[in-house]
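Input: a single structure, listed below in structure tokens.
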Amino acid sequence: MYNLIVQLIGIVAMLLCLLCYHFKKRQHLLITKLLADILWALHYILIGGVSAFLTNVVCTMRETVYLVDKSEKRRPLQLIFFLALIWILVIIFNKGAAGVLPAVASSLGTYSFWQKSITKTRIIALVIAILMFTYDIFFKSYAGLINESFTMISVIIAMINAKRYEKNS
């Protein structure tokens, strides 16, 4: 029963992730991603994926800051801070090669959500999905594996829809 609940938490997080890349406004994308990352953090700590848990905690902090702090002067500092925090946590808590994958994925995500182009965010999301798919194999996160598979499909669909929207505008 415990494992089922843990995987269900991951599935709800997955559904939010699938939804987030279809928004046209960056703020809606960030809010949905924030909710998903809270649930992913809970999912990964419950299955013992410490590196993924820690990077998801940083992601929740990152998205909160990106949503609240609109200062253009602090934007470069935000990027540097979150990238440094991710790697400090990995250096302190990592217990194997697979543990580096969430840090690389989170670093890419930090940049992708920091910059303001939704198109770039979607492209980087594909790379992140491949990295996290690999991590999920090591930690038997079935919800994570399904999530990354659907994320790749969803992002590609969002990119196609965005191109269609551009052509029709």
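In the structure tokens, chains take letters A, B, ... by order of appearance, with residues numbered from 1 within each chain and ligands from 1 in the order shown.
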Just the residues within 7 Å of Phe139 in chain A, please, counting only C-alpha atoms, with nothing from its chain fewer than 3 positions along; format it as an NGL selection string. :A and (49 or 135-136)
Name the residues in contact with Leu54 in chain A at a cut-off of 12 Å, using only C-alpha atoms, excluding same-chain residues fewer than 6 positions from it; report them as a ChimeraX atom specification. /A:37-38,40-45,48,60-61,85-94,99-100,102-103,106
Selection export as a compact mmCIF listing (two decimals), in the first residue's frame, atoms kept: N, CA and C atoms:
```
# COMPACT_ATOMS: atom_id res chain seq x y z
N ASP A 37 6.95 20.09 -8.53
CA ASP A 37 8.23 19.84 -7.85
C ASP A 37 8.05 19.56 -6.36
N ILE A 38 7.05 20.16 -5.75
CA ILE A 38 6.75 19.84 -4.35
C ILE A 38 6.38 18.36 -4.23
N TRP A 40 7.09 15.97 -6.46
CA TRP A 40 8.25 15.13 -6.81
C TRP A 40 9.21 15.02 -5.63
N ALA A 41 9.42 16.10 -4.91
CA ALA A 41 10.31 16.04 -3.74
C ALA A 41 9.78 15.01 -2.74
N LEU A 42 8.48 15.06 -2.48
CA LEU A 42 7.87 14.09 -1.56
C LEU A 42 8.03 12.66 -2.11
N HIS A 43 7.75 12.47 -3.37
CA HIS A 43 7.87 11.14 -4.00
C HIS A 43 9.28 10.58 -3.85
N TYR A 44 10.28 11.39 -4.20
CA TYR A 44 11.65 10.89 -4.20
C TYR A 44 12.19 10.63 -2.80
N ILE A 45 11.81 11.44 -1.82
CA ILE A 45 12.31 11.18 -0.46
C ILE A 45 11.69 9.89 0.07
N GLY A 48 13.67 6.98 -1.33
CA GLY A 48 15.10 6.98 -1.02
C GLY A 48 15.98 7.64 -2.06
N THR A 60 11.82 23.96 -6.02
CA THR A 60 10.67 24.68 -5.44
C THR A 60 11.09 26.07 -4.97
N MET A 61 12.28 26.17 -4.40
CA MET A 61 12.80 27.48 -4.00
C MET A 61 13.00 28.36 -5.23
N LEU A 85 23.96 26.22 -5.33
CA LEU A 85 23.27 25.44 -4.30
C LEU A 85 23.06 23.99 -4.73
N ILE A 86 22.64 23.80 -5.96
CA ILE A 86 22.44 22.44 -6.47
C ILE A 86 23.72 21.62 -6.35
N TRP A 87 24.84 22.20 -6.81
CA TRP A 87 26.09 21.45 -6.83
C TRP A 87 26.71 21.29 -5.45
N ILE A 88 26.50 22.24 -4.56
CA ILE A 88 26.97 22.08 -3.17
C ILE A 88 26.25 20.90 -2.52
N LEU A 89 24.93 20.82 -2.72
CA LEU A 89 24.16 19.72 -2.15
C LEU A 89 24.60 18.37 -2.73
N VAL A 90 24.88 18.34 -4.01
CA VAL A 90 25.33 17.08 -4.63
C VAL A 90 26.69 16.67 -4.06
N ILE A 91 27.58 17.62 -3.91
CA ILE A 91 28.91 17.31 -3.36
C ILE A 91 28.78 16.76 -1.94
N ILE A 92 27.89 17.34 -1.15
CA ILE A 92 27.72 16.91 0.25
C ILE A 92 26.98 15.57 0.36
N PHE A 93 25.91 15.40 -0.41
CA PHE A 93 25.01 14.27 -0.18
C PHE A 93 25.04 13.16 -1.23
N ASN A 94 25.73 13.34 -2.32
CA ASN A 94 25.69 12.34 -3.39
C ASN A 94 26.36 11.04 -2.98
N GLY A 99 23.45 9.74 -8.83
CA GLY A 99 23.03 10.91 -8.08
C GLY A 99 23.40 12.24 -8.73
N VAL A 100 24.30 12.19 -9.69
CA VAL A 100 24.68 13.42 -10.40
C VAL A 100 23.63 13.80 -11.44
N PRO A 102 20.25 14.05 -11.39
CA PRO A 102 19.29 15.09 -11.02
C PRO A 102 19.93 16.48 -10.91
N ALA A 103 21.19 16.53 -10.52
CA ALA A 103 21.87 17.82 -10.42
C ALA A 103 22.08 18.44 -11.79
N SER A 106 18.63 19.45 -12.96
CA SER A 106 18.18 20.64 -12.24
C SER A 106 18.94 21.89 -12.66
```
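Excluding range 30-36 of chain A itself and any same-chain residue fewer than 3 positions from it, the protein and nucleic acid residues within 9 Å of it, counting only C-alpha atoms, are Gly10, Val12, Ala13, Met14, Leu15, Leu16, Cys17, Leu19, Cys20, Tyr21, Lys25, Arg26, Gln27, Leu39, Trp40, Ala41, Cys59, Thr60, Met61, Arg62, Glu63, Thr64, Tyr66, Leu67 and Phe113 of chain A.
Excluding Glu72 in chain A and any residue on its chain fewer than 5 positions from it, the residues at most 12 Å away by only C-alpha atoms are Tyr66, Leu77, Gln78, Leu79, Trp114, Gln115 and Lys116 of chain A.
If you count only C-alpha atoms and ignore residues fewer than 6 places along the chain from range 162-168 of chain A, what sits within 12 Å of it is Tyr21, His22, Phe23, Lys24, Ile118, Thr119, Arg122, Val155 and Ile156 of chain A.
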Deliver the residues from the most recent selection as a file, using N, CA and C atoms, as a PDB file, in the first residue's frame.
```
ATOM      1  N   TYR A  21       3.990  22.575 -19.622  1.00  0.00           N
ATOM      2  CA  TYR A  21       4.651  22.992 -20.851  1.00  0.00           C
ATOM      3  C   TYR A  21       3.687  23.463 -21.939  1.00  0.00           C
ATOM      4  N   HIS A  22       2.407  23.372 -21.670  1.00  0.00           N
ATOM      5  CA  HIS A  22       1.408  23.804 -22.647  1.00  0.00           C
ATOM      6  C   HIS A  22       0.911  25.229 -22.404  1.00  0.00           C
ATOM      7  N   PHE A  23       1.329  25.831 -21.314  1.00  0.00           N
ATOM      8  CA  PHE A  23       0.919  27.207 -21.036  1.00  0.00           C
ATOM      9  C   PHE A  23       1.681  28.178 -21.924  1.00  0.00           C
ATOM     10  N   LYS A  24       1.016  29.250 -22.290  1.00  0.00           N
ATOM     11  CA  LYS A  24       1.658  30.288 -23.101  1.00  0.00           C
ATOM     12  C   LYS A  24       2.340  31.326 -22.219  1.00  0.00           C
ATOM     13  N   ILE A 118       9.884  30.534 -23.600  1.00  0.00           N
ATOM     14  CA  ILE A 118       9.205  29.268 -23.381  1.00  0.00           C
ATOM     15  C   ILE A 118       9.688  28.228 -24.390  1.00  0.00           C
ATOM     16  N   THR A 119      10.037  28.656 -25.587  1.00  0.00           N
ATOM     17  CA  THR A 119      10.550  27.726 -26.599  1.00  0.00           C
ATOM     18  C   THR A 119      11.837  27.065 -26.112  1.00  0.00           C
ATOM     19  N   ARG A 122      11.134  24.567 -23.369  1.00  0.00           N
ATOM     20  CA  ARG A 122      10.625  23.292 -23.883  1.00  0.00           C
ATOM     21  C   ARG A 122      11.754  22.422 -24.445  1.00  0.00           C
ATOM     22  N   VAL A 155       6.055  17.661 -24.485  1.00  0.00           N
ATOM     23  CA  VAL A 155       6.857  18.810 -24.916  1.00  0.00           C
ATOM     24  C   VAL A 155       6.893  18.889 -26.440  1.00  0.00           C
ATOM     25  N   ILE A 156       7.045  17.745 -27.081  1.00  0.00           N
ATOM     26  CA  ILE A 156       7.054  17.748 -28.553  1.00  0.00           C
ATOM     27  C   ILE A 156       5.708  18.241 -29.081  1.00  0.00           C
TER      28      ILE A 156
END
```
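Across A:Ser117, A:Ile160, A:Leu29, A:Ala98, the tightest approach to Ile137 in chain A is made by A:Ala98 when counting only C-alpha atoms.
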If I take CA of Ser141 in chain A and CA of Ile157 in chain A, how far is one from the other in Å, to one decimal? 24.2 Å
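Between CA of Ile130 in chain A and CA of Phe81 in chain A the separation is 24.8 Å.
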